[in-house]
Amino acid sequence: MNRPFVTLKLATSLDGKIALANGESEWITGEKSRAAGRKLRAAHDGIAVGANTAVLDNPQLTTRIEFERDPVRIVFDTNLRLSPGSNLALTASETPVWVLCKSDEGRRAKILTSLGVKLFKVAEEQGLDVNDAMRVLHRRDITRLLVEGGGTLAASFIRHDLVDVIEWFRAPLILGGDGRNGIGDLGLQRLDLAQRFNRVAISELGDDIHERYERVG
């Protein structure tokens, strides 16, 4: 396999939402699910989020587990929107931050680089070319990648048939049609084109349900 093994992690409501329409998302799932999610981070070389998640949620993306290593924090950021004042940029000298973008030039790029953020140019394909991004990461020894947010990035990985495992944490709430989807539009025209996964594990985490799915074929 000339790409990382990809795990898609979802933490959603019962109807597959990751946030309200206004962006509020803390916290949909409970503490036991969040703790399990942090352990997942420690089991991967890299953790990836999209630009919207990086900008709107301003995450740290660390394990916060004593004696556990933190993965490389990776942002799929076509137009280099990551703020130099973000939690990721300000801690890049402590825990690596890589930004995949279409251009590594300009004032913001220089500031981010000065903070320790590494920028990697990736080909474009209606946004970043995810297959090219996988090659970039594979060449830099990312063998296990955890894709953690948001819906647009998740959909891009699914469209390109790059998801090997899904770790799905579901909380017992309903957010409705105006909530933000855990997986964005896939553009499917026929049901037989939908990717299928086998459920291989299910467990309770407090009030939440954790399910693990593996790709078919």
# chains A, B, ... in the order shown; residues from 1 in each chain; ligands from 1

call {"tool": "select_by_dssp", "arguments": {"residues": "segment 30-183 of chain A", "states": "strand (DSSP E)", "output": "number ranges by chain"}}
result
A: 46-50, 72-76, 97-101, 118-121, 144-149, 165-170, 180-181

call {"tool": "residues_around", "arguments": {"residues": "Ala11 of chain A", "least_positions_apart": "3", "cutoff": "9 Å", "atoms": "only C-alpha atoms", "output": "ChimeraX atom specification"}}
result
/A:16-18,28-29,33-34,37,148,167-171,182

call {"tool": "closest_residue", "arguments": {"among": "A:Gly217, A:Ile209, A:Thr12, A:Asp77", "to": "Ser25 of chain A", "atoms": "only C-alpha atoms"}}
result
A:Thr12

call {"tool": "residues_around", "arguments": {"residues": "Leu175 of chain A", "least_positions_apart": "2", "cutoff": "8 Å", "atoms": "only C-alpha atoms", "output": "PyMOL selection string"}}
result
chain A and resi 13+15+17+19-20+173+177-179

call {"tool": "write_last_selection", "arguments": {"atoms": "N, CA, C and O atoms", "output": "compact mmCIF listing (two decimals), in the first residue's frame"}}
result
# COMPACT_ATOMS: atom_id res chain seq x y z
N SER A 13 -24.26 12.92 16.52
CA SER A 13 -25.58 12.62 17.07
C SER A 13 -26.12 11.37 16.38
O SER A 13 -25.50 10.83 15.46
N ASP A 15 -28.43 11.20 14.31
CA ASP A 15 -28.72 11.50 12.91
C ASP A 15 -27.49 11.99 12.16
O ASP A 15 -27.60 12.64 11.12
N LYS A 17 -24.97 14.15 12.85
CA LYS A 17 -24.56 15.55 12.87
C LYS A 17 -23.38 15.75 13.82
O LYS A 17 -23.30 15.12 14.89
N ALA A 19 -22.42 19.08 14.64
CA ALA A 19 -22.58 20.39 15.27
C ALA A 19 -23.94 20.95 14.90
O ALA A 19 -24.58 20.52 13.94
N LEU A 20 -24.38 21.93 15.69
CA LEU A 20 -25.57 22.69 15.33
C LEU A 20 -25.26 23.58 14.13
O LEU A 20 -24.10 23.75 13.75
N LEU A 173 -28.66 11.84 20.90
CA LEU A 173 -29.40 13.08 20.66
C LEU A 173 -29.67 13.26 19.18
O LEU A 173 -28.99 12.67 18.34
N GLY A 177 -32.13 18.45 10.61
CA GLY A 177 -31.61 18.69 9.26
C GLY A 177 -30.77 19.92 9.10
O GLY A 177 -30.01 20.02 8.13
N ASP A 178 -30.90 20.88 10.01
CA ASP A 178 -30.09 22.09 9.89
C ASP A 178 -28.74 21.95 10.59
O ASP A 178 -27.91 22.86 10.55
N GLY A 179 -28.48 20.80 11.22
CA GLY A 179 -27.18 20.56 11.83
C GLY A 179 -26.12 20.28 10.78
O GLY A 179 -26.42 20.04 9.61

call {"tool": "residues_around", "arguments": {"residues": "Asn198 of chain A", "least_positions_apart": "5", "cutoff": "7 Å", "atoms": "only C-alpha atoms", "output": "ChimeraX atom specification"}}
result
/A:213-216

call {"tool": "write_last_selection", "arguments": {"atoms": "all heavy atoms", "output": "mmCIF file, in the first residue's frame"}}
result
data_model
loop_
_atom_site.group_PDB
_atom_site.id
_atom_site.type_symbol
_atom_site.label_atom_id
_atom_site.label_comp_id
_atom_site.auth_asym_id
_atom_site.auth_seq_id
_atom_site.Cartn_x
_atom_site.Cartn_y
_atom_site.Cartn_z
ATOM 1 N N TYR A 213 -16.202 -0.148 11.911
ATOM 2 C CA TYR A 213 -16.528 -0.693 10.599
ATOM 3 C C TYR A 213 -15.234 -0.862 9.775
ATOM 4 O O TYR A 213 -14.331 -0.024 9.864
ATOM 5 C CB TYR A 213 -17.477 0.235 9.838
ATOM 6 C CG TYR A 213 -18.847 0.373 10.438
ATOM 7 C CD1 TYR A 213 -19.101 1.301 11.444
ATOM 8 C CD2 TYR A 213 -19.900 -0.422 9.993
ATOM 9 C CE1 TYR A 213 -20.364 1.440 11.994
ATOM 10 C CE2 TYR A 213 -21.173 -0.297 10.551
ATOM 11 C CZ TYR A 213 -21.393 0.637 11.529
ATOM 12 O OH TYR A 213 -22.641 0.765 12.104
ATOM 13 N N GLU A 214 -15.185 -1.916 8.995
ATOM 14 C CA GLU A 214 -14.071 -2.135 8.081
ATOM 15 C C GLU A 214 -14.596 -2.160 6.640
ATOM 16 O O GLU A 214 -15.714 -2.608 6.393
ATOM 17 C CB GLU A 214 -13.358 -3.457 8.391
ATOM 18 C CG GLU A 214 -12.681 -3.464 9.748
ATOM 19 C CD GLU A 214 -11.989 -4.782 10.056
ATOM 20 O OE1 GLU A 214 -12.169 -5.746 9.261
ATOM 21 O OE2 GLU A 214 -11.282 -4.856 11.066
ATOM 22 N N ARG A 215 -13.782 -1.677 5.755
ATOM 23 C CA ARG A 215 -14.192 -1.618 4.357
ATOM 24 C C ARG A 215 -14.460 -3.011 3.807
ATOM 25 O O ARG A 215 -13.842 -4.000 4.222
ATOM 26 C CB ARG A 215 -13.133 -0.918 3.508
ATOM 27 C CG ARG A 215 -11.832 -1.690 3.393
ATOM 28 C CD ARG A 215 -10.739 -0.866 2.720
ATOM 29 N NE ARG A 215 -11.118 -0.513 1.372
ATOM 30 C CZ ARG A 215 -10.628 0.521 0.712
ATOM 31 N NH1 ARG A 215 -9.756 1.327 1.274
ATOM 32 N NH2 ARG A 215 -10.989 0.756 -0.522
ATOM 33 N N VAL A 216 -15.380 -3.100 2.870
ATOM 34 C CA VAL A 216 -15.692 -4.340 2.179
ATOM 35 C C VAL A 216 -14.787 -4.466 0.968
ATOM 36 O O VAL A 216 -14.714 -3.552 0.141
ATOM 37 C CB VAL A 216 -17.171 -4.391 1.745
ATOM 38 C CG1 VAL A 216 -17.443 -5.631 0.893
ATOM 39 C CG2 VAL A 216 -18.081 -4.343 2.940
#

call {"tool": "residues_around", "arguments": {"residues": "Glu31 of chain A", "least_positions_apart": "6", "cutoff": "10 Å", "atoms": "only C-alpha atoms", "output": "PyMOL selection string"}}
result
chain A and resi 37+205-208

call {"tool": "closest_residue", "arguments": {"among": "A:Lys118, A:Gly149, A:Arg139, A:Asp45", "to": "Pro59 of chain A", "atoms": "only C-alpha atoms"}}
result
A:Gly149

call {"tool": "closest_residue", "arguments": {"among": "A:Asn2, A:Ser156, A:Ser93, A:Thr53", "to": "Leu186 of chain A", "atoms": "only C-alpha atoms"}}
result
A:Ser156

call {"tool": "closest_residue", "arguments": {"among": "A:Val55, A:Ala92, A:Ile166, A:Leu191", "to": "Thr113 of chain A", "atoms": "only C-alpha atoms"}}
result
A:Ala92

call {"tool": "select_by_dssp", "arguments": {"residues": "chain A", "states": "alpha helix (DSSP H)", "output": "number ranges by chain"}}
result
A: 31-42, 51-57, 87-90, 107-114, 130-139, 151-159

call {"tool": "atom_distance", "arguments": {"atom1": "atom CA of Asn52 of chain A", "atom2": "atom CA of Thr152 of chain A"}}
result
8.8 Å

call {"tool": "closest_atom_pairs", "arguments": {"of": "segment 94-115 of chain A", "to": "segment 126-137 of chain A", "cutoff": "8 Å", "atoms": "only C-alpha atoms", "output": "JSON lines"}}
result
{"residue": "A:Leu100", "atom": "CA", "partner": "A:Ala133", "partner_atom": "CA", "distance": 7.2}
{"residue": "A:Cys101", "atom": "CA", "partner": "A:Leu128", "partner_atom": "CA", "distance": 7.1}
{"residue": "A:Lys102", "atom": "CA", "partner": "A:Leu128", "partner_atom": "CA", "distance": 7.0}

call {"tool": "closest_residue", "arguments": {"among": "A:Leu145, A:Leu153, A:Ala43, A:Val163", "to": "Arg73 of chain A", "atoms": "only C-alpha atoms"}}
result
A:Leu145

call {"tool": "residues_around", "arguments": {"residues": "Ser86 of chain A", "least_positions_apart": "2", "cutoff": "12 Å", "atoms": "only C-alpha atoms", "output": "PyMOL selection string"}}
result
chain A and resi 51+53-61+81-84+88-92+97+112+115+117

call {"tool": "closest_residue", "arguments": {"among": "A:Leu10, A:Leu119, A:Leu162, A:Ala35", "to": "Gly106 of chain A", "atoms": "only C-alpha atoms"}}
result
A:Leu119

call {"tool": "atom_distance", "arguments": {"atom1": "atom CA of Arg107 of chain A", "atom2": "atom CA of Ile142 of chain A"}}
result
28.2 Å
